[in-house]
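Here the structure comes first, spelled out in structure tokens, and everything after it is commentary.
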There are 2 protein chains.
Amino acid sequence: MSGRPRKPDMTPELRTVTIRDIAREAGVSVATVSRAFANPERVREETREKIFAVSRRHHFVVNAVARSLASRRSGLIGLIIPSIYNSIYAASTQAIQSAAETLGYTVLIGVSEFAKARETELIGQFVARRVEGLILTGADRERAALDMIRRERLPFVITWHEARQRDTASVSFDNAAASAAVVDYLHGLGHRHIALICGHTTLNDRALARKEGFLNRMASLGIPASPDGVIECDFEFEEGRTALRTLLTRRPRPTAIFSANDIVAVGVLHECREQGLRVPRDISLVGFDDLPIAQYVTPQLTTMRVPAAAMGERAVALLLRAIEGEAVRSETLETELIVRGSASFLASREIV
Amino acid sequence: MSGRPRKPDMTPELRTVTIRDIAREAGVSVATVSRAFANPERVREETREKIFAVSRRHHFVVNAVARSLASRRSGLIGLIIPSIYNSIYAASTQAIQSAAETLGYTVLIGVSEFAKARETELIGQFVARRVEGLILTGADRERAALDMIRRERLPFVITWHEARQRDTASVSFDNAAASAAVVDYLHGLGHRHIALICGHTTLNDRALARKEGFLNRMASLGIPASPDGVIECDFEFEEGRTALRTLLTRRPRPTAIFSANDIVAVGVLHECREQGLRVPRDISLVGFDDLPIAQYVTPQLTTMRVPAAAMGERAVALLLRAIEGEAVRSETLETELIVRGSASFLASREIV
DNA sequence: GCCGCGCATGTAACCGGTTACATTATCGAC
DNA sequence: GTCGATAATGTAACCGGTTACATGCGCGGC
């Protein structure tokens, strides 16, 4: 053995340094080192400083994986959103990220692409990673997902939609009421033939709630809402264009369109121009979400503003309290119709 | 439903079930259970099925935290982006997420908000969580961050900008060349007074590269590029509006504006209308990124398309190979000028 | 019949922290 | 100076997996 030339020890710290190394060098026990990092106030300042000095010298970084295992707290919360790409979820996600961060949690983001099976799978992965809680989008999901959450006693809060059960927490707004408010607004402007474009109601309970809010209010205003005045589509510009073309074939032709999503609304707006229709003169349009682009199209979009960021923040706050074992109450936030230039009084000659 | 007997086990599994429980009940050793989940092919099918059956009955979910600690592989990669809210990063993030996911990795997303200190801090957190690799935005960062990455021997790949050193991997495109191509295009249309709006070059090396590409090409075309023809701002609509107002005070007034970001370009477009300027007749405008909105404003935006999704996908592929210990080569992807309606020939009377 | 080999499985030592409980130091009160 | 309470620290048993190494078994070749 002696003949073998030893590798010159170029690399410092070949082995990753652990609290045991720090403890030895600082002349304290591992427990003290652990405390110095996890509960500094439980260690005498002098000792603590010595520990930190040694740690710094070795660039010691606490291993969060080991910490999670031992403490049974991962410091992780799982967030499931249908899509990152859609700016509306981006806003709430950003809010959730930063709120969680300030409160010492890391967010694991899962993108379900509006597929419930995918969501269930993601929840499974989150459970495996031992997230401490979940923030979910919408109230509708697979039985398997709910079972797993319950079985693991995983705190969770629902966003974008009210929870169905009293015992589950949600931070949301009233999709149906917001939708109904748009109907009222358009009705007040004289419109009677109002079409709705919304998300796929089979995949998306927010879309469903908005559709129901729409139809119910139409009914209670005594307006005939023919089923072919409602179109369901994805949240893409292009889909809005297609939807508009379809709606223009309907008789009587709608004088107003409520698009329950701004992206789609902008697509509609664009296609209106292509078709030679002036908005709002020839046709009125109201969006939903109040994304930034709503202000940057011509005319500016009248739209229902949704409290995306606030919802994210509150959801984190509630979730963390639920994680602490407190009972939490669902919250309902306000929406606000932002009146801009895409909807106007119906020119009287057009009233049927 | 008939009078099905109520389930008596109200609280099953008080203690979380571990592989030891499964092993005992299946009559095998913990090692075999571990293998059945981690390397199924290393366990005889019959044994494996027995293990899975028991696991299913107890809803056993492998504890990924313990697994990470023991195997020293977290299955995590860290991604740092300046912002989620900006749709351009959303596109690459989405791509990274899904690519990583299919390859069995989970992405931890950190949002730096264009602050280098924040990025360094996030990298520290990622190191603590023992991510196996990093995907970073841009090549410019604090020394402390680089030191930590190197010290931990953490594989990483840079996106959106070429790596400065030969030994670091990047998946990107040539920001300067793309920018220069826009100058060429506008120059070819007869423009001589071209203004640039870009990100803050002190915070953002992509912005810097685009600015340099712009200035250098201007110089080599013999066009005087006055320093006040360049404005740096955040990536917000509103900032574009402000920028335009400023540019209109410049003499000679620019006949074309290159906005190195589509969001800002849309703001510019909007403000042009407010100011009574027709685009492209009175002023030409070219954007950068080719975000979806570029098609949904009027006129449609001529813009430099950037391979955001492809870049994300390739970055993941490279990173995973780097994690496997392979040496990887940086890649440079192509950009493409998408000519739409916001830039046109300079009316000859305006040529100075 | 013996040997070598590969496959399936078992044993037990980790991985790097936390924390219940025990022990020792500190300090004011009497 | 003694005592008890409290603060600071230490000891060691976890947390729940992985994996190096050992063991046992079946099988083809000689």
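Letters A, B, ... go to the chains of the structure tokens in the order shown; residues in each chain start at 1; ligands are counted from 1 in the same order.
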
Give me the residues near range 19-22 of chain D as a short mmCIF file (atom, residue, chain, number, x, y, z; two decimals) with C-alpha atoms (C1' of nucleotides), in the first residue's frame, where near means some atom within 12 Å (using only C-alpha atoms (C1' of nucleotides)) and where sequence neighbours in that chain fewer than 5 positions away do not count.
```
data_model
loop_
_atom_site.label_atom_id
_atom_site.label_comp_id
_atom_site.auth_asym_id
_atom_site.auth_seq_id
_atom_site.Cartn_x
_atom_site.Cartn_y
_atom_site.Cartn_z
CA VAL B 30 -36.69 -4.22 3.75
CA ALA B 31 -34.04 -4.37 1.07
CA THR B 32 -36.36 -6.30 -1.16
CA SER B 34 -36.85 -1.02 -1.39
CA ARG B 35 -35.76 -2.74 -4.57
CA ALA B 38 -36.66 1.52 -6.95
CA ARG B 67 -35.03 8.18 -0.35
CA ALA B 70 -30.18 7.69 1.57
CA SER B 71 -29.53 7.67 -2.14
CA ARG B 72 -28.03 11.12 -2.17
"C1'" DT C 9 -32.78 -12.02 -1.29
"C1'" DG C 10 -31.12 -10.78 3.42
"C1'" DT C 11 -28.19 -8.14 6.93
"C1'" DA C 12 -26.88 -4.10 8.63
"C1'" DA C 13 -24.39 0.09 8.20
"C1'" DC C 14 -25.18 4.15 6.53
"C1'" DC C 15 -27.38 9.07 4.78
#
```

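Note on identical chains: chain A superimposed on chain B gives 4.1 Å, C-alpha RMSD over every paired atom.
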
>> With 9 Å as the limit and counting only C-alpha atoms, what residues in chain B lie close to chain A? Please list them as number ranges by chain.
In response: B: 11-13, 16, 59, 61-66, 68-69, 74, 83-91, 93-94, 97-98, 106-111, 124-125, 127-130, 148, 151-152, 237, 263, 266-267, 269-270, 292-293, 295-298

Proximity of chain D to chain A: per-residue shortest pair, 8 Å limit, only C-alpha atoms (C1' of nucleotides), as CSV:
```
residue,atom,partner,partner_atom,distance
D:DA8,C1',A:Val43,CA,6.7
D:DT9,C1',A:Thr32,CA,6.7
D:DG10,C1',A:Ser29,CA,6.2
D:DC14,C1',A:Ala70,CA,7.9
D:DC15,C1',A:Ala70,CA,4.5
D:DG16,C1',A:Leu69,CA,7.7
```

> So which bits of range 126-315 of chain A end up strand (DSSP E or B) when you DSSP the backbone, as an MDAnalysis selection string?
Replying inline: chainID A and resid 133:137 156:159 169:173 194:198 230:232 256:259 284:289 302:305

> Can you list every residue in range 52-184 of chain A that DSSP puts in alpha helix (DSSP H), as a VMD selection string?
Replying inline: chain A and resid 52 to 57 64 to 71 87 to 102 116 to 128 143 to 151 175 to 184

Find the residues of chain C that sit at most 8 Å from chain A; for each, write down the nearest two atoms and how far apart they are in Å, to one decimal. Count only C-alpha atoms (C1' of nucleotides). Sort by chain, then by number going up, and give it as a tab-separated table.
```
residue	atom	partner	partner_atom	distance
C:DC15	C1'	A:Ala66	CA	7.8
C:DG16	C1'	A:Ala66	CA	5.1
C:DG17	C1'	A:Ala66	CA	4.7
C:DT18	C1'	A:Ala70	CA	5.2
```

>> Please list as a list in words every residue within 12 Å of DG4 in chain C, counting only C-alpha atoms (C1' of nucleotides) and excluding residues in the same chain fewer than 3 positions away.
In response: DC27, DG28, DG29 and DC30 of chain D

>> Residues within 12 Å of DG4 in chain D, please, as a ChimeraX atom specification. Count only C-alpha atoms (C1' of nucleotides); anything in the same chain fewer than 4 positions from it doesn't count.
In response: /C:26-30

> In Å, with one decimal, what is the gap from CA of Leu221 in chain A to CA of Ser259 in chain A?
Replying inline: 19.4 Å

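Put simply, CA of Val171 in chain B is 22.0 Å away from CA of Gly287 in chain B.
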
>> To one decimal place in Å, what is the distance between CA of Thr303 in chain A and CA of Arg141 in chain A?
In response: 28.3 Å
